[in-house]
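Q: Structure: model_31.cif, mmCIF, C-alpha atoms.
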```cif
data_target
loop_
_atom_site.group_PDB
_atom_site.id
_atom_site.type_symbol
_atom_site.label_atom_id
_atom_site.label_comp_id
_atom_site.auth_asym_id
_atom_site.auth_seq_id
_atom_site.Cartn_x
_atom_site.Cartn_y
_atom_site.Cartn_z
ATOM 1 C CA MET N 1 0.000 0.000 0.000
ATOM 2 C CA ALA N 2 1.405 3.377 -0.981
ATOM 3 C CA PHE N 3 1.238 6.056 1.667
ATOM 4 C CA THR N 4 0.611 9.736 1.093
ATOM 5 C CA PRO N 5 2.090 12.564 3.176
ATOM 6 C CA LYS N 6 -1.402 13.224 4.548
ATOM 7 C CA GLN N 7 -1.757 9.639 5.800
ATOM 8 C CA MET N 8 1.693 9.723 7.374
ATOM 9 C CA SER N 9 0.924 13.016 9.109
ATOM 10 C CA LEU N 10 -2.289 11.537 10.531
ATOM 11 C CA ILE N 11 -0.357 8.542 11.875
ATOM 12 C CA VAL N 12 2.298 10.760 13.469
ATOM 13 C CA ALA N 13 -0.314 13.078 14.979
ATOM 14 C CA THR N 14 -2.496 10.250 16.300
ATOM 15 C CA PHE N 15 0.331 8.470 18.081
ATOM 16 C CA GLY N 16 1.724 11.782 19.362
ATOM 17 C CA VAL N 17 -1.649 12.703 20.888
ATOM 18 C CA LEU N 18 -2.005 9.210 22.400
ATOM 19 C CA SER N 19 1.433 9.543 23.975
ATOM 20 C CA PHE N 20 0.411 12.918 25.406
ATOM 21 C CA ILE N 21 -2.883 11.604 26.803
ATOM 22 C CA PHE N 22 -1.337 8.541 28.448
ATOM 23 C CA GLY N 23 1.473 10.659 29.926
ATOM 24 C CA VAL N 24 -0.929 13.185 31.445
ATOM 25 C CA ILE N 25 -3.154 10.442 32.878
ATOM 26 C CA ALA N 26 -0.074 8.692 34.322
ATOM 27 C CA GLU N 27 0.960 11.951 36.027
ATOM 28 C CA ASN N 28 -2.518 12.488 37.458
ATOM 29 C CA LYS N 29 -2.864 8.900 38.760
ATOM 30 C CA LYS N 30 0.546 8.811 40.472
ATOM 31 C CA PRO N 31 0.141 8.639 44.269
ATOM 32 C CA PRO N 32 1.915 11.359 46.298
ATOM 33 C CA SER N 33 3.558 8.778 48.592
ATOM 34 C CA GLY N 34 3.192 5.338 50.071
ATOM 35 C CA THR N 35 2.122 4.285 53.533
ATOM 36 C CA PRO N 36 5.017 3.190 55.785
ATOM 37 C CA ILE N 37 4.377 0.039 57.833
ATOM 38 C CA THR N 38 6.999 -0.424 60.549
ATOM 39 C CA GLY N 39 8.165 -3.966 61.119
ATOM 40 C CA LYS N 40 11.013 -5.553 63.065
ATOM 41 C CA GLY N 41 14.000 -3.402 61.996
ATOM 42 C CA VAL N 42 12.480 -2.628 58.594
ATOM 43 C CA VAL N 43 9.879 -0.372 57.042
ATOM 44 C CA ILE N 44 7.593 -1.838 54.402
ATOM 45 C CA CYS N 45 6.054 0.711 52.056
ATOM 46 C CA LYS N 46 2.524 -0.045 50.916
ATOM 47 C CA TYR N 47 1.541 1.832 47.774
ATOM 48 C CA PRO N 48 -2.021 2.163 46.507
ATOM 49 C CA SER N 49 -2.837 0.310 43.318
ATOM 50 C CA ASP N 50 -2.384 2.683 40.399
ATOM 51 C CA PRO N 51 -1.723 2.412 36.645
ATOM 52 C CA THR N 52 1.170 4.905 36.574
ATOM 53 C CA VAL N 53 3.866 2.465 35.449
ATOM 54 C CA VAL N 54 1.753 0.904 32.693
ATOM 55 C CA LEU N 55 0.564 4.292 31.450
ATOM 56 C CA GLY N 56 4.126 5.641 31.519
ATOM 57 C CA TYR N 57 5.394 2.787 29.375
ATOM 58 C CA LEU N 58 2.418 3.131 27.007
ATOM 59 C CA SER N 59 3.140 6.839 26.642
ATOM 60 C CA PHE N 60 6.772 6.041 25.845
ATOM 61 C CA ALA N 61 5.755 3.348 23.330
ATOM 62 C CA PHE N 62 3.424 5.729 21.492
ATOM 63 C CA LEU N 63 6.183 8.371 21.481
ATOM 64 C CA VAL N 64 8.543 5.853 19.841
ATOM 65 C CA VAL N 65 5.948 4.896 17.210
ATOM 66 C CA SER N 66 5.185 8.559 16.495
ATOM 67 C CA SER N 67 8.866 9.494 16.214
ATOM 68 C CA VAL N 68 9.881 6.511 14.088
ATOM 69 C CA THR N 69 6.921 7.097 11.780
ATOM 70 C CA GLY N 70 7.783 10.797 11.623
ATOM 71 C CA PHE N 71 11.408 10.030 10.779
ATOM 72 C CA LEU N 72 10.560 7.450 8.124
ATOM 73 C CA SER N 73 7.873 9.653 6.587
ATOM 74 C CA LEU N 74 10.494 12.240 5.696
ATOM 75 C CA PHE N 75 12.414 9.855 3.444
ATOM 76 C CA TYR N 76 9.540 7.682 2.174
ATOM 77 C CA PRO N 77 9.368 7.531 -1.666
ATOM 78 C CA TYR N 78 5.898 8.995 -2.242
ATOM 79 C CA LYS N 79 4.377 8.078 -5.628
ATOM 80 C CA GLY N 80 7.386 5.800 -6.144
ATOM 81 C CA LYS N 81 9.764 8.747 -6.458
ATOM 82 C CA SER N 82 12.513 9.284 -3.926
ATOM 83 C CA ILE N 83 14.900 12.177 -3.672
ATOM 84 C CA PRO N 84 18.479 12.227 -2.415
ATOM 85 C CA GLN N 85 18.848 13.048 1.270
ATOM 86 C CA ALA N 86 21.286 15.809 0.334
ATOM 87 C CA ALA N 87 18.458 17.600 -1.495
ATOM 88 C CA LEU N 88 16.389 17.558 1.695
ATOM 89 C CA PHE N 89 19.170 18.700 3.987
ATOM 90 C CA GLN N 90 20.085 21.624 1.725
ATOM 91 C CA ASN N 91 16.845 23.229 2.878
ATOM 92 C CA THR N 92 17.845 25.120 6.054
ATOM 93 C CA SER N 93 14.331 25.235 7.509
ATOM 94 C CA PHE N 94 13.981 21.476 7.084
ATOM 95 C CA LEU N 95 17.361 20.878 8.718
ATOM 96 C CA VAL N 96 16.450 23.037 11.725
ATOM 97 C CA PHE N 97 13.059 21.401 12.302
ATOM 98 C CA PHE N 98 14.485 17.923 11.717
ATOM 99 C CA ASN N 99 17.064 18.474 14.464
ATOM 100 C CA ILE N 100 14.491 20.024 16.824
ATOM 101 C CA ALA N 101 12.175 17.042 16.256
ATOM 102 C CA LEU N 102 15.000 14.614 17.047
ATOM 103 C CA GLY N 103 15.981 16.573 20.163
ATOM 104 C CA THR N 104 12.454 16.871 21.529
ATOM 105 C CA ALA N 105 11.835 13.169 20.900
ATOM 106 C CA GLY N 106 14.935 12.295 22.947
ATOM 107 C CA LEU N 107 14.013 14.711 25.730
ATOM 108 C CA ALA N 108 10.443 13.392 25.844
ATOM 109 C CA ALA N 109 11.735 9.813 26.025
ATOM 110 C CA ALA N 110 13.980 10.711 28.962
ATOM 111 C CA LEU N 111 11.215 12.587 30.781
ATOM 112 C CA LEU N 112 8.784 9.706 30.320
ATOM 113 C CA LEU N 113 11.139 6.817 31.094
ATOM 114 C CA TRP N 114 12.946 8.265 34.093
ATOM 115 C CA PRO N 115 9.934 8.625 36.452
ATOM 116 C CA THR N 116 8.326 5.454 35.120
ATOM 117 C CA ILE N 117 11.397 3.339 35.889
ATOM 118 C CA VAL N 118 11.864 5.037 39.284
ATOM 119 C CA GLU N 119 8.213 4.417 40.160
ATOM 120 C CA GLN N 120 8.519 0.777 39.134
ATOM 121 C CA GLY N 121 11.591 0.501 41.369
ATOM 122 C CA HIS N 122 9.720 1.993 44.331
ATOM 123 C CA LEU N 123 6.868 -0.471 43.846
ATOM 124 C CA SER N 124 9.094 -3.540 43.531
ATOM 125 C CA LYS N 125 11.682 -2.669 46.224
ATOM 126 C CA ASN N 126 9.363 -1.646 49.019
ATOM 127 C CA VAL N 127 11.293 -3.014 52.027
ATOM 128 C CA HIS N 128 13.654 -0.423 53.572
ATOM 129 C CA HIS N 129 16.122 -0.885 56.415
ATOM 130 C CA ASN N 130 16.132 2.850 57.095
ATOM 131 C CA LEU N 131 13.457 3.356 59.745
ATOM 132 C CA GLU N 132 13.168 7.041 58.810
ATOM 133 C CA THR N 133 11.974 6.419 55.234
ATOM 134 C CA THR N 134 8.901 8.271 54.017
ATOM 135 C CA CYS N 135 7.953 5.857 51.198
ATOM 136 C CA PRO N 136 8.685 8.182 48.275
ATOM 137 C CA THR N 137 7.346 8.008 44.747
ATOM 138 C CA ALA N 138 8.791 9.277 41.493
ATOM 139 C CA LYS N 139 9.384 12.998 41.137
ATOM 140 C CA THR N 140 6.165 14.891 40.564
ATOM 141 C CA GLY N 141 5.766 16.702 37.250
ATOM 142 C CA LEU N 142 8.219 14.743 35.126
ATOM 143 C CA LEU N 143 5.604 12.513 33.489
ATOM 144 C CA GLY N 144 3.393 15.492 32.697
ATOM 145 C CA GLY N 145 6.351 17.417 31.327
ATOM 146 C CA GLY N 146 7.359 14.417 29.244
ATOM 147 C CA ALA N 147 3.810 14.189 27.907
ATOM 148 C CA PHE N 148 3.877 17.806 26.750
ATOM 149 C CA VAL N 149 7.316 17.444 25.164
ATOM 150 C CA SER N 150 6.062 14.277 23.461
ATOM 151 C CA LEU N 151 3.221 16.272 21.900
ATOM 152 C CA ASP N 152 5.720 18.957 20.876
ATOM 153 C CA SER N 153 7.877 16.302 19.249
ATOM 154 C CA ALA N 154 4.955 15.054 17.148
ATOM 155 C CA LEU N 155 4.198 18.619 16.068
ATOM 156 C CA PHE N 156 7.817 19.194 15.067
ATOM 157 C CA TRP N 157 7.786 15.953 13.035
ATOM 158 C CA LEU N 158 4.690 17.272 11.252
ATOM 159 C CA VAL N 159 6.386 20.576 10.436
ATOM 160 C CA ALA N 160 9.458 18.709 9.180
ATOM 161 C CA LEU N 161 7.186 16.528 7.018
ATOM 162 C CA MET N 162 5.571 19.619 5.478
ATOM 163 C CA LEU N 163 9.000 21.121 4.770
ATOM 164 C CA ALA N 164 10.209 17.816 3.289
ATOM 165 C CA ASP N 165 7.150 17.725 1.039
ATOM 166 C CA ASN N 166 7.933 21.260 -0.149
ATOM 167 C CA ALA N 167 11.582 20.348 -0.758
ATOM 168 C CA ARG N 168 10.445 17.248 -2.671
ATOM 169 C CA GLU N 169 8.172 19.343 -4.926
ATOM 170 C CA ASP N 170 10.954 21.860 -5.528
ATOM 171 C CA TYR N 171 13.390 19.065 -6.384
ATOM 172 C CA PHE N 172 11.065 17.451 -8.927
ATOM 173 C CA ASP N 173 10.157 20.829 -10.448
ATOM 174 C CA GLU N 174 13.869 21.536 -10.854
ATOM 175 C CA ILE N 175 14.828 18.247 -12.516
ATOM 176 C CA GLY N 176 11.694 18.061 -14.673
ATOM 177 C CA ILE N 177 9.551 15.102 -15.583
ATOM 178 C CA ASP N 178 12.149 13.057 -17.462
ATOM 179 C CA GLY N 179 14.780 13.358 -14.756
ATOM 180 C CA LYS N 180 16.955 15.888 -16.580
ATOM 181 C CA SER N 181 17.457 19.460 -15.492
ATOM 182 C CA SER N 182 15.046 21.885 -17.053
ATOM 183 C CA TYR N 183 16.273 25.429 -17.142
ATOM 184 C CA ASP N 184 13.764 26.635 -19.749
ATOM 185 C CA SER N 185 12.661 29.456 -17.504
ATOM 186 C CA VAL N 186 16.216 30.764 -17.048
ATOM 187 C CA LEU N 187 17.038 33.726 -19.250
ATOM 188 C CA ALA N 188 20.533 33.926 -20.665
ATOM 189 C CA SER N 189 21.972 37.351 -21.291
#
```
Now, as a test, write the supplied structure out as C-alpha cells.
A:
Amino acid sequence: MAFTPKQMSLIVATFGVLSFIFGVIAENKKPPSGTPITGKGVVICKYPSDPTVVLGYLSFAFLVVSSVTGFLSLFYPYKGKSIPQAALFQNTSFLVFFNIALGTAGLAAALLLWPTIVEQGHLSKNVHHNLETTCPTAKTGLLGGGAFVSLDSALFWLVALMLADNAREDYFDEIGIDGKSSYDSVLAS
C-alpha cells in the first residue's frame, strides 16, 4: 500500500496525541507517597494500586511509534519517487526542524522513562532498612512534562514533514519530468 504525506501526518499526529494523553493520565494517577508500615527493623512501604507504570510505558511506546513514523515519513518515496537526502538537507528550515524534532523526541523519552522506571523501582523494592523512610514516589511533574514534550515532538515531526514535502516538490520541479534538469525558464543574457 502506498502512503501519502497526509496519511503519514495523521499517523504521526495520532500516536503523538495518544502519547500525550497517556502521559498526562499517568501523572494524574501517580500517588503522592506510600504508607510506611513499621516492622522488626524494617519499614515496608505499601503503595495504593495505580496504573502509573503501565501508562508511563504506554506513553513512551506511542512516542517511539510517532517518532519513528515521523522520521521514516520524511524519506519515504511517495508516488514511487525518492529524492536524495542531500536535497532535503540543503533546505535550512527542514534541517532546523528535523534536528528540533530529534531533540524533543529524545528529551520526551527521557522525561517519560525516568519517572516510570523510578516508580517501578519503588513499587518492587518496598522493604527499607532505614526506619526514617517516608515511602517516596517518582518525582512529581516529570511525566506530565514528558507528555507535553512528546506532543511537541509530534508537532515538530509534522512541520518537518511539510518542509520535506515542499523540498520534494521543488526538487522534482527543478529536474523536470524526465529526470533531466530543465532550465527553460532561465534567461541567458
Q: Translate the PyMOL selection byres ((chain N and resi 167-172) around 12), as applied to the file shown, into an explicit residue set as a compact mmCIF listing (two decimals) with C-alpha atoms, in the frame of the given file.
A:
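Dumped everything to expr-v8.txt:
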```
# COMPACT_ATOMS: atom_id res chain seq x y z
CA PRO N 5 2.09 12.56 3.18
CA LEU N 74 10.49 12.24 5.70
CA PHE N 75 12.41 9.86 3.44
CA TYR N 76 9.54 7.68 2.17
CA PRO N 77 9.37 7.53 -1.67
CA TYR N 78 5.90 8.99 -2.24
CA LYS N 79 4.38 8.08 -5.63
CA LYS N 81 9.76 8.75 -6.46
CA SER N 82 12.51 9.28 -3.93
CA ILE N 83 14.90 12.18 -3.67
CA PRO N 84 18.48 12.23 -2.42
CA GLN N 85 18.85 13.05 1.27
CA ALA N 86 21.29 15.81 0.33
CA ALA N 87 18.46 17.60 -1.50
CA LEU N 88 16.39 17.56 1.70
CA PHE N 89 19.17 18.70 3.99
CA GLN N 90 20.08 21.62 1.72
CA ASN N 91 16.84 23.23 2.88
CA THR N 92 17.84 25.12 6.05
CA SER N 93 14.33 25.24 7.51
CA PHE N 94 13.98 21.48 7.08
CA LEU N 95 17.36 20.88 8.72
CA ALA N 160 9.46 18.71 9.18
CA LEU N 161 7.19 16.53 7.02
CA MET N 162 5.57 19.62 5.48
CA LEU N 163 9.00 21.12 4.77
CA ALA N 164 10.21 17.82 3.29
CA ASP N 165 7.15 17.73 1.04
CA ASN N 166 7.93 21.26 -0.15
CA ASP N 173 10.16 20.83 -10.45
CA GLU N 174 13.87 21.54 -10.85
CA ILE N 175 14.83 18.25 -12.52
CA GLY N 176 11.69 18.06 -14.67
CA ILE N 177 9.55 15.10 -15.58
CA ASP N 178 12.15 13.06 -17.46
CA GLY N 179 14.78 13.36 -14.76
CA LYS N 180 16.95 15.89 -16.58
CA SER N 181 17.46 19.46 -15.49
CA SER N 182 15.05 21.88 -17.05
```
Q: For range 10-77 of chain N against range 119-143 of chain N, with a cut-off of 10 Å and counting only C-alpha atoms, what is the closest atom pair and its distance in Å to one decimal for every residue that makes the cut, ordered by chain and number, as CSV?
A:
```
residue,atom,partner,partner_atom,distance
N:Phe20,CA,N:Leu143,CA,9.6
N:Phe22,CA,N:Leu143,CA,9.5
N:Gly23,CA,N:Leu143,CA,5.8
N:Val24,CA,N:Leu143,CA,6.9
N:Ile25,CA,N:Leu143,CA,9.0
N:Ala26,CA,N:Leu143,CA,6.9
N:Glu27,CA,N:Leu143,CA,5.3
N:Asn28,CA,N:Leu143,CA,9.0
N:Lys30,CA,N:Thr137,CA,8.1
N:Pro31,CA,N:Thr137,CA,7.2
N:Pro32,CA,N:Thr137,CA,6.6
N:Ser33,CA,N:Pro136,CA,5.2
N:Gly34,CA,N:Cys135,CA,4.9
N:Thr35,CA,N:Cys135,CA,6.5
N:Pro36,CA,N:Cys135,CA,6.1
N:Ile37,CA,N:Cys135,CA,9.5
N:Thr38,CA,N:Leu131,CA,7.5
N:Gly39,CA,N:Leu131,CA,9.1
N:Lys40,CA,N:His129,CA,9.6
N:Gly41,CA,N:His129,CA,6.5
N:Val42,CA,N:His129,CA,4.6
N:Val43,CA,N:His128,CA,5.1
N:Ile44,CA,N:Val127,CA,4.6
N:Cys45,CA,N:Asn126,CA,5.1
N:Lys46,CA,N:Asn126,CA,7.3
N:Tyr47,CA,N:Leu123,CA,7.0
N:Pro48,CA,N:Leu123,CA,9.6
N:Ser49,CA,N:Leu123,CA,9.8
N:Thr52,CA,N:Glu119,CA,7.9
N:Val53,CA,N:Gln120,CA,6.2
N:Val54,CA,N:Gln120,CA,9.3
N:Leu55,CA,N:Leu143,CA,9.9
N:Gly56,CA,N:Leu143,CA,7.3
N:Ser59,CA,N:Leu143,CA,9.2
```
Q: Using the chain letters and numbering of this document, enumerate as a list in words the residues selected by the PyMOL selection byres ((chain N and resi 113) around 9).
A: Gly56, Tyr57, Phe60, Ala108, Ala109, Ala110, Leu111, Leu112, Trp114, Pro115, Thr116, Ile117, Val118, Leu143 and Gly146 of chain N
Q: Please expand the PyMOL selection byres ((chain N and resi 153) around 9) into the concrete residues it hits in this file, giving the result as an mmCIF file with C-alpha atoms, keeping the file's coordinate frame.
A:
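The resulting file, selection.cif, is shown below:
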```cif
data_model
loop_
_atom_site.group_PDB
_atom_site.id
_atom_site.type_symbol
_atom_site.label_atom_id
_atom_site.label_comp_id
_atom_site.auth_asym_id
_atom_site.auth_seq_id
_atom_site.Cartn_x
_atom_site.Cartn_y
_atom_site.Cartn_z
ATOM 1 C CA GLY N 16 1.724 11.782 19.362
ATOM 2 C CA LEU N 63 6.183 8.371 21.481
ATOM 3 C CA SER N 66 5.185 8.559 16.495
ATOM 4 C CA SER N 67 8.866 9.494 16.214
ATOM 5 C CA ILE N 100 14.491 20.024 16.824
ATOM 6 C CA ALA N 101 12.175 17.042 16.256
ATOM 7 C CA LEU N 102 15.000 14.614 17.047
ATOM 8 C CA GLY N 103 15.981 16.573 20.163
ATOM 9 C CA THR N 104 12.454 16.871 21.529
ATOM 10 C CA ALA N 105 11.835 13.169 20.900
ATOM 11 C CA GLY N 106 14.935 12.295 22.947
ATOM 12 C CA ALA N 108 10.443 13.392 25.844
ATOM 13 C CA PHE N 148 3.877 17.806 26.750
ATOM 14 C CA VAL N 149 7.316 17.444 25.164
ATOM 15 C CA SER N 150 6.062 14.277 23.461
ATOM 16 C CA LEU N 151 3.221 16.272 21.900
ATOM 17 C CA ASP N 152 5.720 18.957 20.876
ATOM 18 C CA ALA N 154 4.955 15.054 17.148
ATOM 19 C CA LEU N 155 4.198 18.619 16.068
ATOM 20 C CA PHE N 156 7.817 19.194 15.067
ATOM 21 C CA TRP N 157 7.786 15.953 13.035
ATOM 22 C CA LEU N 158 4.690 17.272 11.252
#
```
Q: Hey, can you check how far CA of Phe97 in chain N sits from CA of Phe71 in chain N?
A: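 CA of Phe71 in chain N lies at a distance of 11.6 Å from CA of Phe97 in chain N.
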Q: Quick one: distance from CA of Ala2 in chain N to CA of Val159 in chain N in Å, one decimal?
A: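 We find that CA of Ala2 in chain N and CA of Val159 in chain N lie 21.2 Å from each other.
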Q: Report the distance between CA of Ile11 in chain N and CA of Val64 in chain N in Å, rounded to one decimal place.
A: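 According to the coordinates, CA of Ile11 in chain N and CA of Val64 in chain N are separated by 12.2 Å.
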Q: Output, as AutoDock Vina command-line options, the centre and edge lengths in Å (one decimal) of the axis-aligned box that contains all listed atoms of range 53-59 of chain N with 4 Å of margin on each side.
A:
```
--center_x 3.0 --center_y 3.9 --center_z 31.0 --size_x 12.8 --size_y 13.9 --size_z 16.8
```
Q: Some atoms are absent from range 154-166 of chain N, so rebuild N, CA, C and O atoms and return them as a PDB file, keeping the file's coordinate frame.
A:
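Final output, out_7.pdb:
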```pdb
ATOM      1  N   ALA N 154       5.821  15.437  18.273  1.00  0.00           N
ATOM      2  CA  ALA N 154       4.955  15.054  17.148  1.00  0.00           C
ATOM      3  C   ALA N 154       4.669  16.259  16.253  1.00  0.00           C
ATOM      4  O   ALA N 154       4.667  16.140  15.023  1.00  0.00           O
ATOM      5  N   LEU N 155       4.462  17.414  16.867  1.00  0.00           N
ATOM      6  CA  LEU N 155       4.198  18.619  16.068  1.00  0.00           C
ATOM      7  C   LEU N 155       5.423  19.027  15.251  1.00  0.00           C
ATOM      8  O   LEU N 155       5.289  19.449  14.092  1.00  0.00           O
ATOM      9  N   PHE N 156       6.610  18.878  15.822  1.00  0.00           N
ATOM     10  CA  PHE N 156       7.817  19.194  15.067  1.00  0.00           C
ATOM     11  C   PHE N 156       8.042  18.196  13.923  1.00  0.00           C
ATOM     12  O   PHE N 156       8.537  18.570  12.857  1.00  0.00           O
ATOM     13  N   TRP N 157       7.686  16.919  14.125  1.00  0.00           N
ATOM     14  CA  TRP N 157       7.786  15.953  13.035  1.00  0.00           C
ATOM     15  C   TRP N 157       6.826  16.339  11.916  1.00  0.00           C
ATOM     16  O   TRP N 157       7.149  16.177  10.727  1.00  0.00           O
ATOM     17  N   LEU N 158       5.649  16.854  12.273  1.00  0.00           N
ATOM     18  CA  LEU N 158       4.690  17.272  11.252  1.00  0.00           C
ATOM     19  C   LEU N 158       5.214  18.471  10.451  1.00  0.00           C
ATOM     20  O   LEU N 158       5.061  18.523   9.225  1.00  0.00           O
ATOM     21  N   VAL N 159       5.811  19.423  11.133  1.00  0.00           N
ATOM     22  CA  VAL N 159       6.386  20.576  10.436  1.00  0.00           C
ATOM     23  C   VAL N 159       7.522  20.119   9.519  1.00  0.00           C
ATOM     24  O   VAL N 159       7.624  20.564   8.362  1.00  0.00           O
ATOM     25  N   ALA N 160       8.359  19.224  10.008  1.00  0.00           N
ATOM     26  CA  ALA N 160       9.458  18.709   9.180  1.00  0.00           C
ATOM     27  C   ALA N 160       8.905  17.961   7.965  1.00  0.00           C
ATOM     28  O   ALA N 160       9.474  18.061   6.862  1.00  0.00           O
ATOM     29  N   LEU N 161       7.799  17.240   8.144  1.00  0.00           N
ATOM     30  CA  LEU N 161       7.186  16.528   7.018  1.00  0.00           C
ATOM     31  C   LEU N 161       6.659  17.516   5.976  1.00  0.00           C
ATOM     32  O   LEU N 161       6.818  17.300   4.771  1.00  0.00           O
ATOM     33  N   MET N 162       6.050  18.600   6.428  1.00  0.00           N
ATOM     34  CA  MET N 162       5.571  19.619   5.478  1.00  0.00           C
ATOM     35  C   MET N 162       6.740  20.241   4.721  1.00  0.00           C
ATOM     36  O   MET N 162       6.663  20.444   3.498  1.00  0.00           O
ATOM     37  N   LEU N 163       7.828  20.536   5.426  1.00  0.00           N
ATOM     38  CA  LEU N 163       9.000  21.121   4.770  1.00  0.00           C
ATOM     39  C   LEU N 163       9.655  20.123   3.810  1.00  0.00           C
ATOM     40  O   LEU N 163      10.147  20.507   2.744  1.00  0.00           O
ATOM     41  N   ALA N 164       9.657  18.843   4.173  1.00  0.00           N
ATOM     42  CA  ALA N 164      10.209  17.816   3.289  1.00  0.00           C
ATOM     43  C   ALA N 164       9.353  17.689   2.031  1.00  0.00           C
ATOM     44  O   ALA N 164       9.882  17.512   0.927  1.00  0.00           O
ATOM     45  N   ASP N 165       8.042  17.787   2.193  1.00  0.00           N
ATOM     46  CA  ASP N 165       7.150  17.725   1.039  1.00  0.00           C
ATOM     47  C   ASP N 165       7.396  18.906   0.103  1.00  0.00           C
ATOM     48  O   ASP N 165       7.429  18.748  -1.127  1.00  0.00           O
ATOM     49  N   ASN N 166       7.611  20.085   0.672  1.00  0.00           N
ATOM     50  CA  ASN N 166       7.933  21.260  -0.149  1.00  0.00           C
ATOM     51  C   ASN N 166       9.271  21.088  -0.867  1.00  0.00           C
ATOM     52  O   ASN N 166       9.396  21.418  -2.052  1.00  0.00           O
TER      53      ASN N 166
END
```
